[in-house]
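Raw contents of start.cif, mmCIF, C-alpha atoms:
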data_protein
loop_
_atom_site.group_PDB
_atom_site.id
_atom_site.type_symbol
_atom_site.label_atom_id
_atom_site.label_comp_id
_atom_site.auth_asym_id
_atom_site.auth_seq_id
_atom_site.Cartn_x
_atom_site.Cartn_y
_atom_site.Cartn_z
ATOM 1 C CA MET V 26 0.000 0.000 0.000
ATOM 2 C CA ILE V 27 2.949 2.338 0.603
ATOM 3 C CA ASP V 28 5.894 3.145 -1.674
ATOM 4 C CA ARG V 29 8.791 3.089 0.789
ATOM 5 C CA ASP V 30 11.170 4.895 -1.577
ATOM 6 C CA VAL V 31 8.737 7.805 -1.824
ATOM 7 C CA GLU V 32 8.150 7.678 1.920
ATOM 8 C CA ASN V 33 11.885 7.912 2.681
ATOM 9 C CA SER V 34 12.443 10.753 0.228
ATOM 10 C CA THR V 35 9.439 12.617 1.623
ATOM 11 C CA LEU V 36 10.671 12.186 5.182
ATOM 12 C CA ALA V 37 14.097 13.536 4.240
ATOM 13 C CA SER V 38 12.436 16.619 2.762
ATOM 14 C CA LEU V 39 10.275 17.086 5.863
ATOM 15 C CA VAL V 40 13.449 16.969 7.957
ATOM 16 C CA ASP V 41 15.214 19.455 5.681
ATOM 17 C CA GLN V 42 12.321 21.884 6.127
ATOM 18 C CA GLY V 43 12.350 21.576 9.919
ATOM 19 C CA ILE V 44 9.054 19.686 10.319
ATOM 20 C CA ALA V 45 10.116 16.096 11.009
ATOM 21 C CA ASP V 46 12.933 15.071 13.321
ATOM 22 C CA LYS V 47 16.326 13.689 12.222
ATOM 23 C CA HIS V 48 16.605 11.296 9.276
ATOM 24 C CA LEU V 49 20.099 9.822 9.527
ATOM 25 C CA GLY V 50 20.112 7.417 6.611
ATOM 26 C CA ARG V 51 18.564 4.397 4.967
ATOM 27 C CA PHE V 52 19.519 0.826 4.193
ATOM 28 C CA ALA V 53 18.102 -2.055 2.151
ATOM 29 C CA ASN V 54 14.927 -2.577 4.150
ATOM 30 C CA GLY V 55 14.667 0.359 6.526
ATOM 31 C CA ARG V 56 16.008 3.670 7.730
ATOM 32 C CA LEU V 57 17.694 5.200 10.748
ATOM 33 C CA GLU V 58 15.980 8.127 12.461
ATOM 34 C CA GLY V 59 17.111 10.382 15.277
ATOM 35 C CA TRP V 60 16.235 9.611 18.890
ATOM 36 C CA LEU V 61 13.849 12.061 20.549
ATOM 37 C CA ASP V 62 15.545 12.111 23.936
ATOM 38 C CA GLY V 63 13.076 12.449 26.798
ATOM 39 C CA PHE V 64 10.012 12.249 24.547
ATOM 40 C CA ARG V 65 7.260 9.651 24.759
ATOM 41 C CA PRO V 66 4.210 8.871 22.623
ATOM 42 C CA LEU V 67 0.902 10.256 23.799
ATOM 43 C CA SER V 68 -1.992 8.176 25.033
ATOM 44 C CA LYS V 69 -5.365 8.854 23.429
ATOM 45 C CA GLU V 70 -6.677 10.069 26.795
ATOM 46 C CA GLU V 71 -4.140 12.936 26.666
ATOM 47 C CA PHE V 72 -5.849 14.348 23.578
ATOM 48 C CA ALA V 73 -8.441 15.800 25.964
ATOM 49 C CA ASP V 74 -5.778 17.890 27.749
ATOM 50 C CA ALA V 75 -6.282 21.438 26.459
ATOM 51 C CA PRO V 76 -2.612 22.583 26.289
ATOM 52 C CA THR V 77 -1.615 19.318 24.607
ATOM 53 C CA SER V 78 -4.458 19.596 22.106
ATOM 54 C CA ASP V 79 -3.524 23.197 21.303
ATOM 55 C CA ALA V 80 0.089 22.171 20.729
ATOM 56 C CA ILE V 81 -0.984 19.412 18.324
ATOM 57 C CA ALA V 82 -3.153 21.906 16.439
ATOM 58 C CA VAL V 83 -0.193 24.267 16.098
ATOM 59 C CA GLN V 84 2.055 21.515 14.735
ATOM 60 C CA MET V 85 -0.594 20.421 12.261
ATOM 61 C CA ALA V 86 -1.113 24.005 11.118
ATOM 62 C CA ASN V 87 2.644 24.413 10.688
ATOM 63 C CA LEU V 88 2.815 21.282 8.533
ATOM 64 C CA HIS V 89 -0.088 22.413 6.358
ATOM 65 C CA ALA V 90 1.129 25.979 5.987
ATOM 66 C CA SER V 91 4.879 25.598 5.620
ATOM 67 C CA PHE V 92 5.840 22.329 3.946
ATOM 68 C CA VAL V 93 6.654 22.768 0.260
ATOM 69 C CA VAL V 94 6.731 19.587 -1.799
ATOM 70 C CA PRO V 95 10.040 19.629 -3.681
ATOM 71 C CA ASP V 96 9.989 19.409 -7.466
ATOM 72 C CA TYR V 97 11.348 15.862 -7.557
ATOM 73 C CA LEU V 98 8.419 14.609 -5.436
ATOM 74 C CA GLN V 99 5.578 16.503 -7.091
ATOM 75 C CA SER V 100 4.691 13.590 -9.363
ATOM 76 C CA PHE V 101 3.962 11.600 -6.189
ATOM 77 C CA HIS V 102 2.506 14.471 -4.123
ATOM 78 C CA ASP V 103 0.715 16.515 -6.776
ATOM 79 C CA PRO V 104 -0.571 19.728 -5.128
ATOM 80 C CA SER V 105 -3.533 19.748 -7.519
ATOM 81 C CA GLN V 106 -4.597 16.177 -6.671
ATOM 82 C CA PRO V 107 -5.668 15.611 -3.050
ATOM 83 C CA ALA V 108 -5.297 11.923 -2.323
ATOM 84 C CA MET V 109 -8.472 11.172 -0.384
ATOM 85 C CA TRP V 110 -10.922 10.400 -3.194
ATOM 86 C CA THR V 111 -8.352 8.585 -5.307
ATOM 87 C CA GLN V 112 -7.385 6.406 -2.353
ATOM 88 C CA LEU V 113 -10.966 5.828 -1.255
ATOM 89 C CA HIS V 114 -12.092 4.647 -4.686
ATOM 90 C CA ALA V 115 -8.995 2.476 -5.107
ATOM 91 C CA TRP V 116 -9.518 0.830 -1.709
ATOM 92 C CA MET V 117 -13.237 0.429 -2.472
ATOM 93 C CA GLU V 118 -12.482 -1.385 -5.719
ATOM 94 C CA GLN V 119 -9.865 -3.516 -3.988
ATOM 95 C CA ALA V 120 -12.216 -4.447 -1.140
ATOM 96 C CA LEU V 121 -14.987 -5.446 -3.546
ATOM 97 C CA SER V 122 -12.592 -7.700 -5.465
ATOM 98 C CA TYR V 123 -12.086 -10.170 -2.608
ATOM 99 C CA GLU V 124 -14.249 -13.269 -2.703
ATOM 100 C CA GLN V 125 -12.390 -15.161 0.001
ATOM 101 C CA PHE V 126 -10.585 -14.017 3.127
ATOM 102 C CA LYS V 127 -8.078 -15.984 5.189
ATOM 103 C CA THR V 128 -10.757 -18.039 6.964
ATOM 104 C CA GLU V 129 -14.367 -18.934 6.252
ATOM 105 C CA ALA V 130 -15.406 -17.032 9.361
ATOM 106 C CA ASP V 131 -13.661 -13.893 8.088
ATOM 107 C CA THR V 132 -15.291 -14.314 4.681
ATOM 108 C CA ASP V 133 -18.703 -14.444 6.362
ATOM 109 C CA ARG V 134 -17.914 -11.392 8.483
ATOM 110 C CA ALA V 135 -16.715 -9.447 5.462
ATOM 111 C CA GLN V 136 -19.916 -10.238 3.566
ATOM 112 C CA LYS V 137 -21.950 -8.848 6.459
ATOM 113 C CA LEU V 138 -20.219 -5.486 6.043
ATOM 114 C CA ASN V 139 -22.359 -4.962 2.918
ATOM 115 C CA LEU V 140 -19.640 -3.316 0.867
ATOM 116 C CA ASN V 141 -21.998 -2.532 -2.009
ATOM 117 C CA GLN V 142 -23.915 -0.265 0.361
ATOM 118 C CA ILE V 143 -20.645 1.289 1.492
ATOM 119 C CA LYS V 144 -19.875 2.037 -2.162
ATOM 120 C CA ALA V 145 -23.236 3.811 -2.502
ATOM 121 C CA GLU V 146 -22.441 5.822 0.638
ATOM 122 C CA LEU V 147 -19.051 6.753 -0.789
ATOM 123 C CA ASP V 148 -20.623 8.050 -3.994
ATOM 124 C CA HIS V 149 -23.200 10.004 -1.954
ATOM 125 C CA LEU V 150 -20.449 11.566 0.166
ATOM 126 C CA GLU V 151 -18.507 12.699 -2.868
ATOM 127 C CA LYS V 152 -21.500 14.160 -4.696
ATOM 128 C CA GLU V 153 -23.564 15.610 -1.861
ATOM 129 C CA ILE V 154 -21.701 16.005 1.428
ATOM 130 C CA VAL V 155 -17.975 16.718 1.232
ATOM 131 C CA PRO V 156 -17.221 20.191 -0.172
ATOM 132 C CA ALA V 157 -15.339 19.974 -3.453
ATOM 133 C CA ASP V 158 -13.548 23.283 -2.842
ATOM 134 C CA ALA V 159 -12.014 22.356 0.513
ATOM 135 C CA ALA V 160 -8.446 23.626 0.958
ATOM 136 C CA VAL V 161 -5.567 21.224 0.378
ATOM 137 C CA ALA V 162 -2.005 20.931 1.684
ATOM 138 C CA PHE V 163 0.552 18.275 2.492
ATOM 139 C CA CYS V 164 -1.082 16.379 5.372
ATOM 140 C CA HIS V 165 0.034 13.766 7.874
ATOM 141 C CA ASN V 166 -3.188 11.728 7.443
ATOM 142 C CA ASP V 167 -2.557 9.463 10.451
ATOM 143 C CA LEU V 168 -2.311 11.524 13.644
ATOM 144 C CA LEU V 169 -3.182 8.866 16.167
ATOM 145 C CA SER V 170 -1.615 8.955 19.610
ATOM 146 C CA ALA V 171 1.379 6.745 18.751
ATOM 147 C CA ASN V 172 2.438 9.192 16.020
ATOM 148 C CA ILE V 173 2.567 12.204 18.344
ATOM 149 C CA MET V 174 5.536 12.518 20.686
ATOM 150 C CA LYS V 175 5.643 14.820 23.713
ATOM 151 C CA CYS V 176 8.447 15.988 25.962
ATOM 152 C CA PRO V 177 6.925 15.967 29.472
ATOM 153 C CA THR V 178 9.356 18.575 30.809
ATOM 154 C CA THR V 179 8.832 21.168 28.076
ATOM 155 C CA GLY V 180 5.461 20.223 26.638
ATOM 156 C CA ARG V 181 6.950 20.252 23.140
ATOM 157 C CA ILE V 182 5.049 18.185 20.560
ATOM 158 C CA GLN V 183 6.739 16.430 17.643
ATOM 159 C CA LEU V 184 4.850 14.652 14.855
ATOM 160 C CA ILE V 185 6.417 11.400 13.634
ATOM 161 C CA ASP V 186 5.766 8.557 11.174
ATOM 162 C CA PHE V 187 4.669 10.249 7.962
ATOM 163 C CA GLU V 188 4.170 7.003 6.028
ATOM 164 C CA TYR V 189 0.611 7.969 5.010
ATOM 165 C CA GLY V 190 1.602 11.602 4.404
ATOM 166 C CA GLY V 191 0.608 13.284 1.175
ATOM 167 C CA VAL V 192 -1.354 16.096 -0.426
ATOM 168 C CA ASN V 193 -4.876 15.979 0.959
ATOM 169 C CA TYR V 194 -7.666 18.094 2.344
ATOM 170 C CA LYS V 195 -6.671 20.003 5.462
ATOM 171 C CA SER V 196 -10.030 19.226 7.028
ATOM 172 C CA PHE V 197 -9.464 15.506 6.475
ATOM 173 C CA ASP V 198 -6.327 15.711 8.615
ATOM 174 C CA ILE V 199 -8.255 17.411 11.412
ATOM 175 C CA ALA V 200 -11.187 14.992 11.114
ATOM 176 C CA ASN V 201 -8.816 12.041 11.188
ATOM 177 C CA HIS V 202 -7.261 13.326 14.403
ATOM 178 C CA PHE V 203 -10.696 13.772 15.994
ATOM 179 C CA ASN V 204 -11.625 10.189 15.138
ATOM 180 C CA GLU V 205 -8.361 8.998 16.663
ATOM 181 C CA PHE V 206 -9.543 10.235 20.070
ATOM 182 C CA ALA V 207 -11.513 6.972 20.105
ATOM 183 C CA GLY V 208 -8.484 4.766 19.451
ATOM 184 C CA GLY V 209 -9.129 1.151 18.517
ATOM 185 C CA THR V 210 -5.858 0.371 16.743
ATOM 186 C CA THR V 211 -3.673 -0.964 19.540
ATOM 187 C CA GLU V 212 -3.174 -4.662 20.214
ATOM 188 C CA GLU V 213 -5.107 -4.342 23.469
ATOM 189 C CA GLU V 214 -8.057 -2.547 21.836
ATOM 190 C CA ASN V 215 -8.052 -5.049 18.938
ATOM 191 C CA GLY V 216 -10.250 -3.031 16.625
ATOM 192 C CA VAL V 217 -12.734 -1.646 19.164
ATOM 193 C CA PRO V 218 -12.697 2.195 19.359
ATOM 194 C CA ASP V 219 -14.294 3.991 22.298
ATOM 195 C CA TYR V 220 -16.358 6.756 20.714
ATOM 196 C CA SER V 221 -17.350 8.127 24.106
ATOM 197 C CA LEU V 222 -13.889 9.745 23.908
ATOM 198 C CA PHE V 223 -14.668 11.593 20.651
ATOM 199 C CA PRO V 224 -13.994 15.290 21.287
ATOM 200 C CA THR V 225 -16.885 17.355 22.583
ATOM 201 C CA GLU V 226 -18.110 20.361 20.625
ATOM 202 C CA GLU V 227 -16.096 22.586 22.948
ATOM 203 C CA GLN V 228 -12.924 20.529 22.436
ATOM 204 C CA GLN V 229 -13.399 20.540 18.675
ATOM 205 C CA GLU V 230 -13.870 24.305 18.627
ATOM 206 C CA ALA V 231 -10.804 24.868 20.804
ATOM 207 C CA PHE V 232 -8.643 22.711 18.532
ATOM 208 C CA VAL V 233 -9.873 24.381 15.354
ATOM 209 C CA ARG V 234 -9.423 27.844 16.868
ATOM 210 C CA ALA V 235 -5.833 27.043 17.839
ATOM 211 C CA TYR V 236 -5.301 25.708 14.307
ATOM 212 C CA VAL V 237 -6.775 28.835 12.677
ATOM 213 C CA GLN V 238 -4.705 31.156 14.846
ATOM 214 C CA ALA V 239 -1.494 29.231 14.168
ATOM 215 C CA SER V 240 -2.243 29.156 10.436
ATOM 216 C CA LYS V 241 -2.244 32.947 10.327
ATOM 217 C CA GLY V 242 0.735 33.300 12.638
ATOM 218 C CA GLY V 243 -1.154 34.082 15.838
ATOM 219 C CA SER V 244 -0.912 32.518 19.261
ATOM 220 C CA SER V 245 -2.669 29.294 20.163
ATOM 221 C CA SER V 246 -4.521 30.875 23.083
ATOM 222 C CA PRO V 247 -8.172 31.955 22.796
ATOM 223 C CA ALA V 248 -8.662 35.198 20.912
ATOM 224 C CA THR V 249 -8.865 38.259 23.134
ATOM 225 C CA SER V 250 -8.529 40.967 20.526
ATOM 226 C CA SER V 251 -10.287 44.240 21.268
ATOM 227 C CA ASP V 252 -10.943 44.490 17.546
ATOM 228 C CA GLY V 253 -14.484 43.145 17.259
ATOM 229 C CA ASN V 254 -14.200 42.722 13.490
ATOM 230 C CA SER V 255 -11.088 40.571 13.857
ATOM 231 C CA LYS V 256 -12.808 38.424 16.464
ATOM 232 C CA ASP V 257 -15.910 38.081 14.282
ATOM 233 C CA THR V 258 -13.783 37.111 11.299
ATOM 234 C CA GLU V 259 -11.965 34.474 13.315
ATOM 235 C CA ASP V 260 -15.238 33.106 14.674
ATOM 236 C CA LYS V 261 -16.581 32.741 11.134
ATOM 237 C CA GLN V 262 -13.411 30.966 10.030
ATOM 238 C CA VAL V 263 -13.647 28.573 12.967
ATOM 239 C CA ASN V 264 -17.328 27.816 12.389
ATOM 240 C CA LEU V 265 -16.897 27.259 8.665
ATOM 241 C CA LEU V 266 -13.915 25.006 9.187
ATOM 242 C CA LEU V 267 -15.765 22.996 11.840
ATOM 243 C CA ARG V 268 -18.670 22.349 9.464
ATOM 244 C CA GLU V 269 -16.209 21.224 6.830
ATOM 245 C CA VAL V 270 -14.378 18.967 9.296
ATOM 246 C CA HIS V 271 -17.654 17.311 10.289
ATOM 247 C CA ALA V 272 -18.227 16.248 6.678
ATOM 248 C CA PHE V 273 -14.725 14.829 6.510
ATOM 249 C CA VAL V 274 -15.320 12.866 9.727
ATOM 250 C CA LEU V 275 -17.717 10.721 7.676
ATOM 251 C CA ALA V 276 -15.248 10.297 4.819
ATOM 252 C CA ASN V 277 -12.557 9.354 7.305
ATOM 253 C CA HIS V 278 -14.681 6.523 8.712
ATOM 254 C CA LEU V 279 -15.028 5.018 5.241
ATOM 255 C CA TYR V 280 -11.328 5.617 4.519
ATOM 256 C CA TRP V 281 -9.994 3.591 7.437
ATOM 257 C CA GLY V 282 -12.863 1.107 7.314
ATOM 258 C CA LEU V 283 -11.927 0.165 3.742
ATOM 259 C CA TRP V 284 -8.242 0.103 4.673
ATOM 260 C CA ALA V 285 -9.088 -2.400 7.390
ATOM 261 C CA VAL V 286 -11.072 -4.637 5.015
ATOM 262 C CA ASN V 287 -8.103 -4.821 2.671
ATOM 263 C CA GLN V 288 -5.696 -5.473 5.517
ATOM 264 C CA ALA V 289 -7.940 -8.326 6.680
ATOM 265 C CA ALA V 290 -7.896 -9.861 3.208
ATOM 266 C CA MET V 291 -4.126 -9.619 2.886
ATOM 267 C CA GLU V 292 -2.983 -10.373 6.433
ATOM 268 C CA GLY V 293 -5.894 -12.058 8.188
ATOM 269 C CA CYS V 294 -7.240 -11.146 11.619
ATOM 270 C CA ASP V 295 -5.142 -13.343 13.921
ATOM 271 C CA ASP V 296 -2.807 -10.587 15.125
ATOM 272 C CA PHE V 297 -5.319 -7.728 14.870
ATOM 273 C CA ASP V 298 -9.048 -7.932 14.202
ATOM 274 C CA TYR V 299 -9.231 -5.728 11.135
ATOM 275 C CA LEU V 300 -12.811 -6.749 10.368
ATOM 276 C CA THR V 301 -14.019 -5.685 13.801
ATOM 277 C CA TYR V 302 -12.291 -2.360 13.230
ATOM 278 C CA ALA V 303 -13.922 -2.002 9.798
ATOM 279 C CA ALA V 304 -17.348 -2.775 11.261
ATOM 280 C CA SER V 305 -16.743 -0.195 14.016
ATOM 281 C CA ARG V 306 -15.813 2.532 11.543
ATOM 282 C CA PHE V 307 -18.709 1.767 9.181
ATOM 283 C CA GLY V 308 -21.103 1.647 12.144
ATOM 284 C CA GLU V 309 -19.945 5.021 13.419
ATOM 285 C CA TYR V 310 -20.375 6.436 9.923
ATOM 286 C CA GLN V 311 -24.026 5.398 9.976
ATOM 287 C CA LYS V 312 -24.546 6.895 13.440
ATOM 288 C CA GLY V 313 -23.055 10.260 12.454
ATOM 289 C CA LYS V 314 -24.509 10.537 8.960
ATOM 290 C CA ALA V 315 -27.959 11.943 9.808
ATOM 291 C CA LYS V 316 -26.607 14.492 12.283
ATOM 292 C CA ILE V 317 -23.957 15.830 9.930
ATOM 293 C CA GLU V 318 -26.293 15.978 6.930
ATOM 294 C CA ALA V 319 -28.767 17.987 9.010
ATOM 295 C CA GLU V 320 -26.015 20.375 10.087
ATOM 296 C CA LEU V 321 -24.872 20.941 6.525
ATOM 297 C CA GLN V 322 -28.407 21.884 5.484
ATOM 298 C CA GLN V 323 -28.644 24.672 8.075
#
Represent the supplied structure as structure tokens.
Amino acid sequence: MIDRDVENSTLASLVDQGIADKHLGRFANGRLEGWLDGFRPLSKEEFADAPTSDAIAVQMANLHASFVVPDYLQSFHDPSQPAMWTQLHAWMEQALSYEQFKTEADTDRAQKLNLNQIKAELDHLEKEIVPADAAVAFCHNDLLSANIMKCPTTGRIQLIDFEYGGVNYKSFDIANHFNEFAGGTTEEENGVPDYSLFPTEEQQEAFVRAYVQASKGGSSSPATSSDGNSKDTEDKQVNLLLREVHAFVLANHLYWGLWAVNQAAMEGCDDFDYLTYAASRFGEYQKGKAKIEAELQQ
């Protein structure tokens, strides 16, 4: 699913531009990265900590605003071609092509996912729900807790593991991070997210506000400007971006649900229950669909 040569070259460029940490070299089947001394990966529960969440928003905004895809990588990260729809349709076609999975039980479970209905939902999303003019940038696309490192003594946040990185919709990156509040991808969770941890409306607004402020070079603290027009403008930006993110939350469920179906077909579910994860993501899509469609009609 991933071109490792492109991934390594992209990482080196991210390092050169001061976004990723040290890339020391590569060898036949891997690479050597710098050690983030004193850092540790976050837990998903820490996403709810306001200063930590603000710091993640700032780092995401910095990635979106400052990384310039070098000329030699533009054929792989075309700024005019956000990857989400291309990847979604490719994974949809791939998932529909499997007649047998690793076990009969997995084949039965995959059939119960009703992938033909998922395809209809995907077409509906593209035509009716997700805004076609959403802003694009180079995105991380996989900001789960394990890919965010924090230094406990300084509070500094460092994004790592850009293997799914590429040109995409900015709002997809934010929506993906919101969905990762629920987890579900660790060995212990084994494909069962906890959507009670999905960020509240207040948490979502705080993250998006910190993102908007960082994108225009401001601080990540709540706006306190005495200029009412500036505050009104920022509020409108935040509200519009939130509505856009909510649409991408749905697309993100289908994105990782289809990824999981294909992983189940290729690897099986002995080490990780990909089909349970796919069912969880598709189920959450159905739960959120009516609410988000109603919001977009307001």
Return as JSON lines the residues of stretch 144-181 of chain V lying at most 7 Å from stretch 81-96 of chain V, together with the closest atom-to-atom pair for each and the distance in Å to one decimal, counting all atoms listed in the file, with rows in chain order and ascending residue number.
{"residue": "V:Ala162", "atom": "CA", "partner": "V:His89", "partner_atom": "CA", "distance": 5.3}
{"residue": "V:Phe163", "atom": "CA", "partner": "V:His89", "partner_atom": "CA", "distance": 5.7}
{"residue": "V:Cys164", "atom": "CA", "partner": "V:His89", "partner_atom": "CA", "distance": 6.2}
Between V:Ser255, V:Gln142, V:Asn264, V:Gln322, which one has atoms that come closest to V:Phe307, using only C-alpha atoms? V:Gln142
Given the PyMOL selection byres ((chain V and resi 175) around 9) and the file above, list the residues it selects as a PyMOL selection string. chain V and resi 63-67+77+173-174+176-184
For the PyMOL selection byres ((chain V and resi 270) around 7), applied here, can you spell out every residue it catches as an MDAnalysis selection string? chainID V and resid 196:197 199:200 266:269 271:274
Name every residue that the PyMOL selection byres ((chain V and resi 280) around 9) selects in this structure, writing the answer as a PyMOL selection string with chains first and numbers rising. chain V and resi 109+112-113+116-117+275-279+281-285+306
Residues of the last selection are to be written out with C-alpha atoms, as a compact mmCIF listing (two decimals), in the coordinates of the input.
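So part.txt came out as:
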# COMPACT_ATOMS: atom_id res chain seq x y z
CA MET V 109 -8.47 11.17 -0.38
CA GLN V 112 -7.38 6.41 -2.35
CA LEU V 113 -10.97 5.83 -1.25
CA TRP V 116 -9.52 0.83 -1.71
CA MET V 117 -13.24 0.43 -2.47
CA LEU V 275 -17.72 10.72 7.68
CA ALA V 276 -15.25 10.30 4.82
CA ASN V 277 -12.56 9.35 7.30
CA HIS V 278 -14.68 6.52 8.71
CA LEU V 279 -15.03 5.02 5.24
CA TRP V 281 -9.99 3.59 7.44
CA GLY V 282 -12.86 1.11 7.31
CA LEU V 283 -11.93 0.16 3.74
CA TRP V 284 -8.24 0.10 4.67
CA ALA V 285 -9.09 -2.40 7.39
CA ARG V 306 -15.81 2.53 11.54
